[in-house]
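This is coords-v1.csv. It holds CSV, C-alpha atoms.
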chain,number,residue,atom,x,y,z
A,1,MET,CA,-16.0,0.9,-6.3
A,2,ASN,CA,-16.5,-2.0,-8.6
A,3,LYS,CA,-13.4,-2.5,-10.8
A,4,LEU,CA,-9.8,-1.6,-11.1
A,5,ILE,CA,-8.2,-1.8,-14.5
A,6,VAL,CA,-4.4,-1.5,-14.9
A,7,LEU,CA,-3.6,-0.6,-18.5
A,8,ASN,CA,-0.4,-1.9,-20.1
A,9,ILE,CA,0.6,0.6,-22.8
A,10,ASP,CA,3.7,-0.5,-24.7
A,11,PHE,CA,5.6,1.8,-27.1
A,12,ALA,CA,9.0,2.3,-28.7
A,13,SER,CA,11.3,5.1,-27.4
A,14,LYS,CA,13.3,7.4,-29.7
A,15,THR,CA,16.1,4.8,-29.6
A,16,GLY,CA,13.8,2.0,-30.5
A,17,ASP,CA,13.7,0.4,-27.0
A,18,LYS,CA,10.4,-1.0,-25.9
A,19,ASN,CA,8.8,0.9,-23.0
A,20,PHE,CA,5.7,0.4,-20.9
A,21,ILE,CA,3.5,2.7,-18.8
A,22,HIS,CA,0.5,1.7,-16.6
A,23,PRO,CA,-2.3,4.2,-16.4
A,24,VAL,CA,-5.2,3.0,-14.2
A,25,ILE,CA,-9.0,3.1,-14.7
A,26,ILE,CA,-11.1,3.1,-11.6
A,27,GLN,CA,-14.8,2.2,-12.1
A,28,SER,CA,-17.2,3.1,-9.3
A,29,ASP,CA,-21.0,3.5,-9.1
A,30,LYS,CA,-20.7,7.2,-9.8
A,31,GLU,CA,-17.5,7.7,-11.8
A,32,ASN,CA,-15.1,6.2,-14.2
A,33,ILE,CA,-11.7,7.7,-13.5
A,34,LEU,CA,-8.4,7.5,-15.4
A,35,ILE,CA,-5.1,8.0,-13.5
A,36,ASP,CA,-2.6,9.7,-15.8
A,37,CYS,CA,-2.7,9.5,-19.6
A,38,GLY,CA,0.7,9.0,-21.3
A,39,ASN,CA,2.6,10.9,-23.9
A,40,LEU,CA,1.5,13.2,-26.7
A,41,GLY,CA,-0.4,11.1,-29.3
A,42,PHE,CA,-1.2,8.2,-27.0
A,43,LEU,CA,-5.0,8.5,-27.1
A,44,PRO,CA,-5.4,5.7,-29.7
A,45,LEU,CA,-3.1,3.4,-27.6
A,46,LEU,CA,-5.2,4.1,-24.5
A,47,GLU,CA,-8.5,3.5,-26.2
A,48,LYS,CA,-7.3,0.3,-27.8
A,49,GLU,CA,-6.0,-1.1,-24.5
A,50,ALA,CA,-9.1,-0.1,-22.6
A,51,LYS,CA,-11.3,-1.9,-25.1
A,52,LYS,CA,-9.5,-5.2,-24.1
A,53,TYR,CA,-11.4,-4.8,-20.8
A,54,ASN,CA,-14.7,-3.8,-22.5
A,55,PHE,CA,-14.2,-0.2,-21.5
A,56,ASP,CA,-14.9,2.6,-23.9
A,57,PHE,CA,-13.2,5.9,-23.3
A,58,SER,CA,-16.5,7.8,-23.8
A,59,GLN,CA,-17.4,6.3,-20.4
A,60,LEU,CA,-14.7,8.3,-18.6
A,61,THR,CA,-15.9,11.0,-16.3
A,62,LYS,CA,-12.7,12.3,-14.7
A,63,ILE,CA,-8.9,12.1,-15.1
A,64,ILE,CA,-6.6,12.5,-12.1
A,65,ILE,CA,-3.1,13.7,-12.9
A,66,THR,CA,-0.4,12.7,-10.4
A,67,HIS,CA,2.1,15.3,-11.6
A,68,HIS,CA,3.0,17.3,-14.7
A,69,ASP,CA,5.7,15.2,-16.4
A,70,HIS,CA,5.2,14.8,-20.1
A,71,ASP,CA,4.5,11.1,-20.0
A,72,HIS,CA,1.6,11.7,-17.6
A,73,ILE,CA,-0.1,14.7,-19.2
A,74,GLY,CA,1.0,14.5,-22.9
A,75,ALA,CA,-2.3,13.0,-24.1
A,76,LEU,CA,-4.5,15.1,-21.9
A,77,TYR,CA,-5.3,17.8,-24.5
A,78,GLU,CA,-6.3,15.3,-27.2
A,79,ILE,CA,-8.5,13.4,-24.7
A,80,LYS,CA,-10.3,16.6,-23.7
A,81,GLU,CA,-10.7,17.6,-27.4
A,82,LYS,CA,-12.4,14.3,-28.2
A,83,TYR,CA,-14.2,13.9,-24.9
A,84,PRO,CA,-14.9,17.4,-23.6
A,85,HIS,CA,-17.2,16.2,-20.8
A,86,ILE,CA,-14.3,14.7,-18.9
A,87,GLN,CA,-13.1,16.7,-15.8
A,88,VAL,CA,-9.5,16.9,-14.9
A,89,ALA,CA,-8.2,16.9,-11.3
A,90,SER,CA,-4.7,17.5,-9.9
A,91,SER,CA,-3.1,18.9,-6.8
A,92,LEU,CA,-3.1,22.6,-6.3
A,93,VAL,CA,0.7,22.8,-6.6
A,94,GLU,CA,0.7,20.9,-9.9
A,95,LYS,CA,-2.2,22.9,-11.4
A,96,PRO,CA,-0.3,25.9,-12.9
A,97,TYR,CA,2.2,23.6,-14.5
A,98,ILE,CA,-0.5,21.4,-16.1
A,99,GLU,CA,-2.3,24.6,-17.2
A,100,GLY,CA,0.8,26.0,-18.7
A,101,LYS,CA,0.8,29.1,-16.4
A,102,LYS,CA,4.2,28.0,-15.0
A,103,LYS,CA,7.2,26.6,-16.9
A,104,SER,CA,7.6,22.8,-16.7
A,105,LEU,CA,10.0,22.0,-13.9
A,106,ARG,CA,11.3,19.1,-16.0
A,107,LEU,CA,12.1,21.5,-18.8
A,108,GLU,CA,13.9,23.8,-16.3
A,109,GLN,CA,15.9,20.8,-15.1
A,110,ALA,CA,16.8,19.7,-18.6
A,111,GLU,CA,17.9,23.3,-19.6
A,112,ARG,CA,20.0,23.6,-16.5
A,113,ILE,CA,22.2,20.6,-17.3
A,114,TYR,CA,22.3,21.2,-21.1
A,115,SER,CA,25.7,23.0,-21.0
A,116,THR,CA,27.3,20.0,-19.2
A,117,LEU,CA,26.4,17.6,-22.0
A,118,SER,CA,28.5,16.3,-24.8
A,119,GLU,CA,27.6,17.3,-28.4
A,120,GLU,CA,26.0,13.9,-28.9
A,121,GLU,CA,24.0,14.1,-25.7
A,122,LYS,CA,22.9,17.6,-26.7
A,123,VAL,CA,21.1,16.3,-29.8
A,124,ASN,CA,19.0,14.0,-27.6
A,125,ALA,CA,18.5,16.8,-25.1
A,126,GLU,CA,17.2,19.1,-27.8
A,127,TYR,CA,14.7,16.5,-28.9
A,128,PHE,CA,13.6,16.2,-25.2
A,129,HIS,CA,13.3,20.0,-24.8
A,130,ASN,CA,11.1,20.2,-28.0
A,131,MET,CA,8.9,17.3,-26.8
A,132,LEU,CA,8.2,19.1,-23.6
A,133,LYS,CA,7.5,22.4,-25.3
A,134,ALA,CA,5.1,20.6,-27.7
A,135,ILE,CA,2.7,19.6,-24.9
A,136,LYS,CA,-0.7,21.4,-25.1
A,137,HIS,CA,-2.1,22.5,-21.8
A,138,VAL,CA,-5.6,22.2,-20.4
A,139,PRO,CA,-7.4,23.8,-17.5
A,140,ILE,CA,-7.8,21.9,-14.2
A,141,ASP,CA,-11.4,21.6,-13.2
A,142,ILE,CA,-10.9,20.2,-9.7
A,143,THR,CA,-8.0,20.5,-7.2
A,144,ILE,CA,-7.4,17.6,-4.8
A,145,ASP,CA,-4.9,17.3,-2.0
A,146,GLU,CA,-4.3,15.1,0.9
A,147,ASN,CA,-7.0,16.5,3.1
A,148,THR,CA,-9.5,16.9,0.3
A,149,LYS,CA,-12.8,15.1,0.8
A,150,ILE,CA,-13.5,13.4,-2.6
A,151,ASP,CA,-17.3,13.6,-2.7
A,152,TRP,CA,-17.5,12.2,-6.2
A,153,CYS,CA,-15.5,9.1,-5.2
A,154,GLU,CA,-15.2,8.7,-1.5
A,155,GLU,CA,-13.3,5.5,-1.8
A,156,LEU,CA,-10.3,7.4,-3.1
A,157,LYS,CA,-7.7,8.7,-0.6
A,158,ILE,CA,-5.2,11.2,-1.9
A,159,ILE,CA,-1.7,11.0,-0.5
A,160,ALA,CA,0.6,14.0,-1.0
A,161,THR,CA,3.9,12.5,-2.1
A,162,PRO,CA,6.3,15.4,-3.1
A,163,GLY,CA,9.8,14.7,-4.1
A,164,HIS,CA,9.7,13.5,-7.7
A,165,MET,CA,7.8,16.7,-8.3
A,166,PRO,CA,6.7,19.3,-5.6
A,167,GLY,CA,2.9,18.6,-6.0
A,168,HIS,CA,3.1,14.9,-6.8
A,169,ILE,CA,0.2,12.8,-5.4
A,170,SER,CA,-0.4,9.1,-5.0
A,171,ILE,CA,-3.8,7.4,-4.6
A,172,TYR,CA,-4.9,4.7,-2.2
A,173,LEU,CA,-7.9,2.5,-2.8
A,174,GLU,CA,-9.0,1.0,0.5
A,175,LYS,CA,-11.4,-1.5,-1.0
A,176,PHE,CA,-8.7,-3.0,-3.1
A,177,LYS,CA,-5.9,-2.3,-0.6
A,178,THR,CA,-4.1,-0.9,-3.6
A,179,LEU,CA,-1.7,2.0,-3.8
A,180,ILE,CA,-1.3,3.8,-7.2
A,181,THR,CA,2.1,5.4,-6.8
A,182,GLY,CA,2.4,7.6,-9.9
A,183,ASP,CA,6.2,8.2,-10.1
A,184,ALA,CA,6.7,8.2,-6.3
A,185,MET,CA,8.0,4.6,-6.7
A,186,VAL,CA,9.0,2.4,-9.7
A,187,ALA,CA,9.0,-1.3,-10.2
A,188,GLU,CA,11.8,-3.2,-12.1
A,189,ASN,CA,12.1,-6.9,-12.7
A,190,GLY,CA,9.3,-7.5,-10.1
A,191,ASN,CA,11.0,-5.4,-7.4
A,192,LEU,CA,9.6,-2.3,-5.8
A,193,LEU,CA,12.2,0.6,-5.9
A,194,LEU,CA,12.5,4.2,-4.8
A,195,ALA,CA,11.9,6.9,-7.4
A,196,ASN,CA,14.6,7.3,-9.9
A,197,PRO,CA,17.0,9.9,-8.5
A,198,GLN,CA,17.9,11.2,-12.0
A,199,PHE,CA,14.3,12.4,-12.4
A,200,THR,CA,13.5,13.2,-8.7
A,201,LEU,CA,13.8,16.9,-7.9
A,202,ASP,CA,14.1,16.3,-4.1
A,203,MET,CA,15.2,12.8,-3.1
A,204,ASN,CA,15.0,13.4,0.6
A,205,GLU,CA,11.5,14.6,0.3
A,206,ALA,CA,10.7,11.6,-2.0
A,207,ILE,CA,11.9,9.2,0.7
A,208,ASN,CA,9.8,11.0,3.4
A,209,SER,CA,6.8,10.6,1.1
A,210,ILE,CA,7.3,6.9,0.9
A,211,ARG,CA,7.4,6.6,4.7
A,212,LYS,CA,3.7,7.8,4.6
A,213,PHE,CA,2.8,4.6,2.8
A,214,LEU,CA,3.5,2.6,5.9
A,215,ASN,CA,0.3,4.1,7.4
A,216,TYR,CA,-1.8,2.2,4.9
A,217,ASP,CA,-2.8,-1.5,4.5
A,218,ILE,CA,-1.4,-2.1,1.1
A,219,GLN,CA,-1.5,-5.5,-0.6
A,220,GLN,CA,-0.9,-4.3,-4.1
A,221,VAL,CA,1.1,-1.5,-5.6
A,222,VAL,CA,0.6,-0.1,-9.1
A,223,CYS,CA,3.7,1.8,-10.4
A,224,TYR,CA,3.3,3.9,-13.5
A,225,HIS,CA,6.7,2.6,-14.6
A,226,GLY,CA,6.9,-1.1,-13.8
A,227,GLY,CA,3.3,-2.2,-13.2
A,228,VAL,CA,1.9,-4.3,-10.4
A,229,ILE,CA,3.7,-5.5,-7.3
A,230,THR,CA,1.9,-7.7,-4.8
A,231,GLY,CA,3.0,-9.4,-1.5
A,232,ASP,CA,4.2,-8.1,1.8
A,233,VAL,CA,4.4,-4.5,0.7
A,234,THR,CA,5.0,-3.2,4.3
A,235,SER,CA,8.1,-5.3,4.7
A,236,ILE,CA,9.3,-4.3,1.2
A,237,LEU,CA,8.8,-0.6,2.1
A,238,LYS,CA,10.6,-1.0,5.4
A,239,ASN,CA,13.6,-2.6,3.7
A,240,LEU,CA,13.8,0.2,1.2
A,241,LEU,CA,13.7,2.8,3.9
A,242,LYS,CA,16.5,1.3,6.0
What do you get writing this file as structure tokens?
Amino acid sequence: MNKLIVLNIDFASKTGDKNFIHPVIIQSDKENILIDCGNLGFLPLLEKEAKKYNFDFSQLTKIIITHHDHDHIGALYEIKEKYPHIQVASSLVEKPYIEGKKKSLRLEQAERIYSTLSEEEKVNAEYFHNMLKAIKHVPIDITIDENTKIDWCEELKIIATPGHMPGHISIYLEKFKTLITGDAMVAENGNLLLANPQFTLDMNEAINSIRKFLNYDIQQVVCYHGGVITGDVTSILKNLLK
């Protein structure tokens, strides 16, 4: 493994607020791998940001999806349309949701709470429902889980981190002592935090997943929401889990 690129994709939300996501590109001798890919329509943003690091998206060979939330799979279809050689990998549990064979759990959650919302909130909720329904699905080429031997990139270690979503995975890179959390954790104002309970389907399971991180020598954490955290990660995790 030669290089780790943390992308910084900034965009405006529906309300005009500035948001950021942090997909990751892993460059090894054999493969160039993207971890998660942003919202629908984000391919130009991804390509532009990658070029800052002298990386062209045509060099990508694989995409690993941590889970099927819209901001992680939204651009997947357009990437595959433009770069059909890229293979897509996910956990076995997440596979049918990414492929569209099962209804999005996020959409189910949103529909469940719809009747409890105010009329004003329902307007935003309907926008969210439609955004989820607009996602185009792609087939998964490779399934990867915690005990999967990754022949195409042996440096990757897959960690099953259910909670936020049932089939959520995180990725550990031993060479860089780096954990790519997906949405298992978030960072805010330089602080590492537990997954947002509002969007976590099983908080107890999410906390148990974070306990697994204590088994790894981690010096850097990359959160999809919040970016890079460095320092005494083990102590930070222990404090969060108290």
I'd like a table as CSV: residues in stretch 27-50 of chain A with an atom no more than 7 Å from stretch 66-87 of chain A, each row giving the shortest atom pair and its distance in Å to one decimal, all atoms listed in the file counted, sorted by chain and rising residue number.
residue,atom,partner,partner_atom,distance
A:Asp36,CA,A:His72,CA,5.0
A:Cys37,CA,A:His72,CA,5.2
A:Gly38,CA,A:Asp71,CA,4.5
A:Asn39,CA,A:Gly74,CA,4.1
A:Leu40,CA,A:Gly74,CA,4.0
A:Gly41,CA,A:Ala75,CA,5.9
A:Phe42,CA,A:Ala75,CA,5.7
A:Leu43,CA,A:Ala75,CA,6.0
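Taking atom CA of A:Asp29 as the reference point, atom CA of A:Ile150 is found at 14.0 Å.
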Tell me, as a short mmCIF file (atom, residue, chain, number, x, y, z; two decimals) with C-alpha atoms, keeping the file's coordinate frame, which residues lie within 10 Å of stretch 195-203 of chain A, counting only C-alpha atoms; anything in the same chain fewer than 2 positions away does not count.
data_model
loop_
_atom_site.label_atom_id
_atom_site.label_comp_id
_atom_site.auth_asym_id
_atom_site.auth_seq_id
_atom_site.Cartn_x
_atom_site.Cartn_y
_atom_site.Cartn_z
CA ASP A 69 5.70 15.20 -16.40
CA LEU A 105 10.00 22.00 -13.90
CA ARG A 106 11.30 19.10 -16.00
CA GLN A 109 15.90 20.80 -15.10
CA ALA A 110 16.80 19.70 -18.60
CA PRO A 162 6.30 15.40 -3.10
CA GLY A 163 9.80 14.70 -4.10
CA HIS A 164 9.70 13.50 -7.70
CA MET A 165 7.80 16.70 -8.30
CA PRO A 166 6.70 19.30 -5.60
CA THR A 181 2.10 5.40 -6.80
CA GLY A 182 2.40 7.60 -9.90
CA ASP A 183 6.20 8.20 -10.10
CA ALA A 184 6.70 8.20 -6.30
CA MET A 185 8.00 4.60 -6.70
CA VAL A 186 9.00 2.40 -9.70
CA ALA A 187 9.00 -1.30 -10.20
CA LEU A 192 9.60 -2.30 -5.80
CA LEU A 193 12.20 0.60 -5.90
CA GLU A 205 11.50 14.60 0.30
CA ALA A 206 10.70 11.60 -2.00
CA ILE A 207 11.90 9.20 0.70
CA ASN A 208 9.80 11.00 3.40
CA SER A 209 6.80 10.60 1.10
CA ILE A 210 7.30 6.90 0.90
CA HIS A 225 6.70 2.60 -14.60
#
List the spatial neighbours of A:Gln219 as a JSON list (two decimals) with C-alpha atoms, keeping the file's coordinate frame - criterion: any atom at most 8 Å away, only C-alpha atoms, same-chain residues fewer than 2 positions off excluded.
[["chain", "number", "residue", "atom", "x", "y", "z"],
["A", 177, "LYS", "CA", -5.90, -2.30, -0.60],
["A", 178, "THR", "CA", -4.10, -0.90, -3.60],
["A", 217, "ASP", "CA", -2.80, -1.50, 4.50],
["A", 221, "VAL", "CA", 1.10, -1.50, -5.60],
["A", 230, "THR", "CA", 1.90, -7.70, -4.80],
["A", 231, "GLY", "CA", 3.00, -9.40, -1.50],
["A", 232, "ASP", "CA", 4.20, -8.10, 1.80],
["A", 233, "VAL", "CA", 4.40, -4.50, 0.70]]
Query - Given all atoms listed in the file as the counted atoms, nearest of A:Glu94, A:Glu111, A:Asp141, A:Glu174 to A:Thr161 - result: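 For A:Thr161, the nearest of the given residues is A:Glu94.
Put simply, atom CA of A:Ile5 is 5.7 Å away from atom CA of A:Val24.
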Query raised in the report: What residues have an atom no more than 12 Å from (-15.5, 3.9, -13.9) in the file's own frame, counting only C-alpha atoms, and can you write them as an MDAnalysis selection string?
Result: chainID A and resid 1:5 24:35 50 53:63 86 152:153
Mind dumping the selected residues with C-alpha atoms as a PDB file, keeping the file's coordinate frame?
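The new file selection-v7.pdb reads:
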ATOM      1  CA  MET A   1     -16.000   0.900  -6.300  1.00  0.00           C
ATOM      2  CA  ASN A   2     -16.500  -2.000  -8.600  1.00  0.00           C
ATOM      3  CA  LYS A   3     -13.400  -2.500 -10.800  1.00  0.00           C
ATOM      4  CA  LEU A   4      -9.800  -1.600 -11.100  1.00  0.00           C
ATOM      5  CA  ILE A   5      -8.200  -1.800 -14.500  1.00  0.00           C
ATOM      6  CA  VAL A  24      -5.200   3.000 -14.200  1.00  0.00           C
ATOM      7  CA  ILE A  25      -9.000   3.100 -14.700  1.00  0.00           C
ATOM      8  CA  ILE A  26     -11.100   3.100 -11.600  1.00  0.00           C
ATOM      9  CA  GLN A  27     -14.800   2.200 -12.100  1.00  0.00           C
ATOM     10  CA  SER A  28     -17.200   3.100  -9.300  1.00  0.00           C
ATOM     11  CA  ASP A  29     -21.000   3.500  -9.100  1.00  0.00           C
ATOM     12  CA  LYS A  30     -20.700   7.200  -9.800  1.00  0.00           C
ATOM     13  CA  GLU A  31     -17.500   7.700 -11.800  1.00  0.00           C
ATOM     14  CA  ASN A  32     -15.100   6.200 -14.200  1.00  0.00           C
ATOM     15  CA  ILE A  33     -11.700   7.700 -13.500  1.00  0.00           C
ATOM     16  CA  LEU A  34      -8.400   7.500 -15.400  1.00  0.00           C
ATOM     17  CA  ILE A  35      -5.100   8.000 -13.500  1.00  0.00           C
ATOM     18  CA  ALA A  50      -9.100  -0.100 -22.600  1.00  0.00           C
ATOM     19  CA  TYR A  53     -11.400  -4.800 -20.800  1.00  0.00           C
ATOM     20  CA  ASN A  54     -14.700  -3.800 -22.500  1.00  0.00           C
ATOM     21  CA  PHE A  55     -14.200  -0.200 -21.500  1.00  0.00           C
ATOM     22  CA  ASP A  56     -14.900   2.600 -23.900  1.00  0.00           C
ATOM     23  CA  PHE A  57     -13.200   5.900 -23.300  1.00  0.00           C
ATOM     24  CA  SER A  58     -16.500   7.800 -23.800  1.00  0.00           C
ATOM     25  CA  GLN A  59     -17.400   6.300 -20.400  1.00  0.00           C
ATOM     26  CA  LEU A  60     -14.700   8.300 -18.600  1.00  0.00           C
ATOM     27  CA  THR A  61     -15.900  11.000 -16.300  1.00  0.00           C
ATOM     28  CA  LYS A  62     -12.700  12.300 -14.700  1.00  0.00           C
ATOM     29  CA  ILE A  63      -8.900  12.100 -15.100  1.00  0.00           C
ATOM     30  CA  ILE A  86     -14.300  14.700 -18.900  1.00  0.00           C
ATOM     31  CA  TRP A 152     -17.500  12.200  -6.200  1.00  0.00           C
ATOM     32  CA  CYS A 153     -15.500   9.100  -5.200  1.00  0.00           C
TER      33      CYS A 153
END
Query - Pairwise distance for atom CA of A:Leu214 and atom CA of A:Val228, rounded to one decimal in Å - result: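 Between these atoms lies a distance of 17.8 Å.
Across A:Glu99, A:Glu108, A:Glu121, A:Asp151, the tightest approach to A:His137 is made by A:Glu99 when counting all atoms listed in the file.
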Query - All residues 12 Å or closer to A:Lys101, only C-alpha atoms, same chain fewer than 2 positions away omitted, as a PyMOL selection string - result: chain A and resi 93-99+103-105+136-140
Query - Close residues, stretch 16-23 of chain A itself excluded, 6 Å, all atoms listed in the file, min 3 positions apart in chain, as a list in words - result: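 The residues satisfying every condition are Leu7, Asn8, Ile9, Asp10, Phe11, Ala12, Ser13, Ile35, Asp36, Tyr224, His225 and Gly227 of chain A.
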Requested in this report: Give as number ranges by chain the set of residues within 12 Å of the point (18.6, 15.5, -25.4), where distances use the file's coordinates and all atoms listed in the file.
Outcome: A: 14-15, 107, 109-111, 113-132
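Here the question is which of A:Ser90, A:Thr143, A:Pro44, A:Gly226 gets nearest to A:Asn189 using all atoms listed in the file, and that residue is A:Gly226.
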Can you patch up stretch 140-166 of chain A, filling it in to N, CA and C atoms, and show the result as a PDB file, in the coordinates of the input?
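See rebuild02.pdb below for the written result:
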ATOM      1  N   ILE A 140      -7.414  22.887 -15.273  1.00  0.00           N
ATOM      2  CA  ILE A 140      -7.800  21.900 -14.200  1.00  0.00           C
ATOM      3  C   ILE A 140      -9.150  22.304 -13.682  1.00  0.00           C
ATOM      4  N   ASP A 141     -10.034  21.329 -13.638  1.00  0.00           N
ATOM      5  CA  ASP A 141     -11.400  21.600 -13.200  1.00  0.00           C
ATOM      6  C   ASP A 141     -11.533  21.433 -11.658  1.00  0.00           C
ATOM      7  N   ILE A 142     -10.733  20.535 -11.077  1.00  0.00           N
ATOM      8  CA  ILE A 142     -10.900  20.200  -9.700  1.00  0.00           C
ATOM      9  C   ILE A 142      -9.466  20.084  -9.057  1.00  0.00           C
ATOM     10  N   THR A 143      -9.240  20.706  -7.904  1.00  0.00           N
ATOM     11  CA  THR A 143      -8.000  20.500  -7.200  1.00  0.00           C
ATOM     12  C   THR A 143      -8.219  19.526  -6.037  1.00  0.00           C
ATOM     13  N   ILE A 144      -7.301  18.584  -5.891  1.00  0.00           N
ATOM     14  CA  ILE A 144      -7.400  17.600  -4.800  1.00  0.00           C
ATOM     15  C   ILE A 144      -6.073  17.459  -4.125  1.00  0.00           C
ATOM     16  N   ASP A 145      -6.132  17.461  -2.818  1.00  0.00           N
ATOM     17  CA  ASP A 145      -4.900  17.300  -2.000  1.00  0.00           C
ATOM     18  C   ASP A 145      -5.193  16.363  -0.875  1.00  0.00           C
ATOM     19  N   GLU A 146      -4.192  16.161  -0.048  1.00  0.00           N
ATOM     20  CA  GLU A 146      -4.300  15.100   0.900  1.00  0.00           C
ATOM     21  C   GLU A 146      -5.482  15.184   1.854  1.00  0.00           C
ATOM     22  N   ASN A 147      -5.876  16.361   2.212  1.00  0.00           N
ATOM     23  CA  ASN A 147      -7.000  16.500   3.100  1.00  0.00           C
ATOM     24  C   ASN A 147      -8.329  16.794   2.416  1.00  0.00           C
ATOM     25  N   THR A 148      -8.322  16.686   1.092  1.00  0.00           N
ATOM     26  CA  THR A 148      -9.500  16.900   0.300  1.00  0.00           C
ATOM     27  C   THR A 148     -10.514  15.768   0.470  1.00  0.00           C
ATOM     28  N   LYS A 149     -11.760  16.082   0.794  1.00  0.00           N
ATOM     29  CA  LYS A 149     -12.800  15.100   0.800  1.00  0.00           C
ATOM     30  C   LYS A 149     -13.303  14.898  -0.639  1.00  0.00           C
ATOM     31  N   ILE A 150     -13.165  13.693  -1.180  1.00  0.00           N
ATOM     32  CA  ILE A 150     -13.500  13.400  -2.600  1.00  0.00           C
ATOM     33  C   ILE A 150     -15.001  13.008  -2.608  1.00  0.00           C
ATOM     34  N   ASP A 151     -15.917  13.965  -2.693  1.00  0.00           N
ATOM     35  CA  ASP A 151     -17.300  13.600  -2.700  1.00  0.00           C
ATOM     36  C   ASP A 151     -17.749  12.774  -3.861  1.00  0.00           C
ATOM     37  N   TRP A 152     -17.080  12.970  -4.985  1.00  0.00           N
ATOM     38  CA  TRP A 152     -17.500  12.200  -6.200  1.00  0.00           C
ATOM     39  C   TRP A 152     -16.886  10.823  -6.245  1.00  0.00           C
ATOM     40  N   CYS A 153     -16.007  10.492  -5.314  1.00  0.00           N
ATOM     41  CA  CYS A 153     -15.500   9.100  -5.200  1.00  0.00           C
ATOM     42  C   CYS A 153     -14.870   8.954  -3.833  1.00  0.00           C
ATOM     43  N   GLU A 154     -15.711   8.693  -2.842  1.00  0.00           N
ATOM     44  CA  GLU A 154     -15.200   8.700  -1.500  1.00  0.00           C
ATOM     45  C   GLU A 154     -14.249   7.573  -1.167  1.00  0.00           C
ATOM     46  N   GLU A 155     -14.199   6.571  -2.044  1.00  0.00           N
ATOM     47  CA  GLU A 155     -13.300   5.500  -1.800  1.00  0.00           C
ATOM     48  C   GLU A 155     -11.822   5.860  -2.068  1.00  0.00           C
ATOM     49  N   LEU A 156     -11.608   6.982  -2.751  1.00  0.00           N
ATOM     50  CA  LEU A 156     -10.300   7.400  -3.100  1.00  0.00           C
ATOM     51  C   LEU A 156      -9.654   8.179  -1.868  1.00  0.00           C
ATOM     52  N   LYS A 157      -8.415   7.874  -1.561  1.00  0.00           N
ATOM     53  CA  LYS A 157      -7.700   8.700  -0.600  1.00  0.00           C
ATOM     54  C   LYS A 157      -6.436   9.231  -1.279  1.00  0.00           C
ATOM     55  N   ILE A 158      -6.314  10.536  -1.244  1.00  0.00           N
ATOM     56  CA  ILE A 158      -5.200  11.200  -1.900  1.00  0.00           C
ATOM     57  C   ILE A 158      -4.046  11.317  -0.867  1.00  0.00           C
ATOM     58  N   ILE A 159      -2.851  10.939  -1.294  1.00  0.00           N
ATOM     59  CA  ILE A 159      -1.700  11.000  -0.500  1.00  0.00           C
ATOM     60  C   ILE A 159      -0.698  12.022  -1.122  1.00  0.00           C
ATOM     61  N   ALA A 160      -0.353  13.089  -0.423  1.00  0.00           N
ATOM     62  CA  ALA A 160       0.600  14.000  -1.000  1.00  0.00           C
ATOM     63  C   ALA A 160       2.006  13.364  -0.903  1.00  0.00           C
ATOM     64  N   THR A 161       2.633  13.230  -2.065  1.00  0.00           N
ATOM     65  CA  THR A 161       3.900  12.500  -2.100  1.00  0.00           C
ATOM     66  C   THR A 161       4.950  13.393  -2.902  1.00  0.00           C
ATOM     67  N   PRO A 162       5.272  14.576  -2.377  1.00  0.00           N
ATOM     68  CA  PRO A 162       6.300  15.400  -3.100  1.00  0.00           C
ATOM     69  C   PRO A 162       7.641  14.792  -3.047  1.00  0.00           C
ATOM     70  N   GLY A 163       8.454  15.249  -3.966  1.00  0.00           N
ATOM     71  CA  GLY A 163       9.800  14.700  -4.100  1.00  0.00           C
ATOM     72  C   GLY A 163      10.174  14.592  -5.554  1.00  0.00           C
ATOM     73  N   HIS A 164       9.521  13.649  -6.213  1.00  0.00           N
ATOM     74  CA  HIS A 164       9.700  13.500  -7.700  1.00  0.00           C
ATOM     75  C   HIS A 164       9.328  14.831  -8.337  1.00  0.00           C
ATOM     76  N   MET A 165       8.206  15.365  -7.935  1.00  0.00           N
ATOM     77  CA  MET A 165       7.800  16.700  -8.300  1.00  0.00           C
ATOM     78  C   MET A 165       7.124  17.316  -7.022  1.00  0.00           C
ATOM     79  N   PRO A 166       7.134  18.642  -6.886  1.00  0.00           N
ATOM     80  CA  PRO A 166       6.700  19.300  -5.600  1.00  0.00           C
ATOM     81  C   PRO A 166       5.208  18.945  -5.284  1.00  0.00           C
TER      82      PRO A 166
END
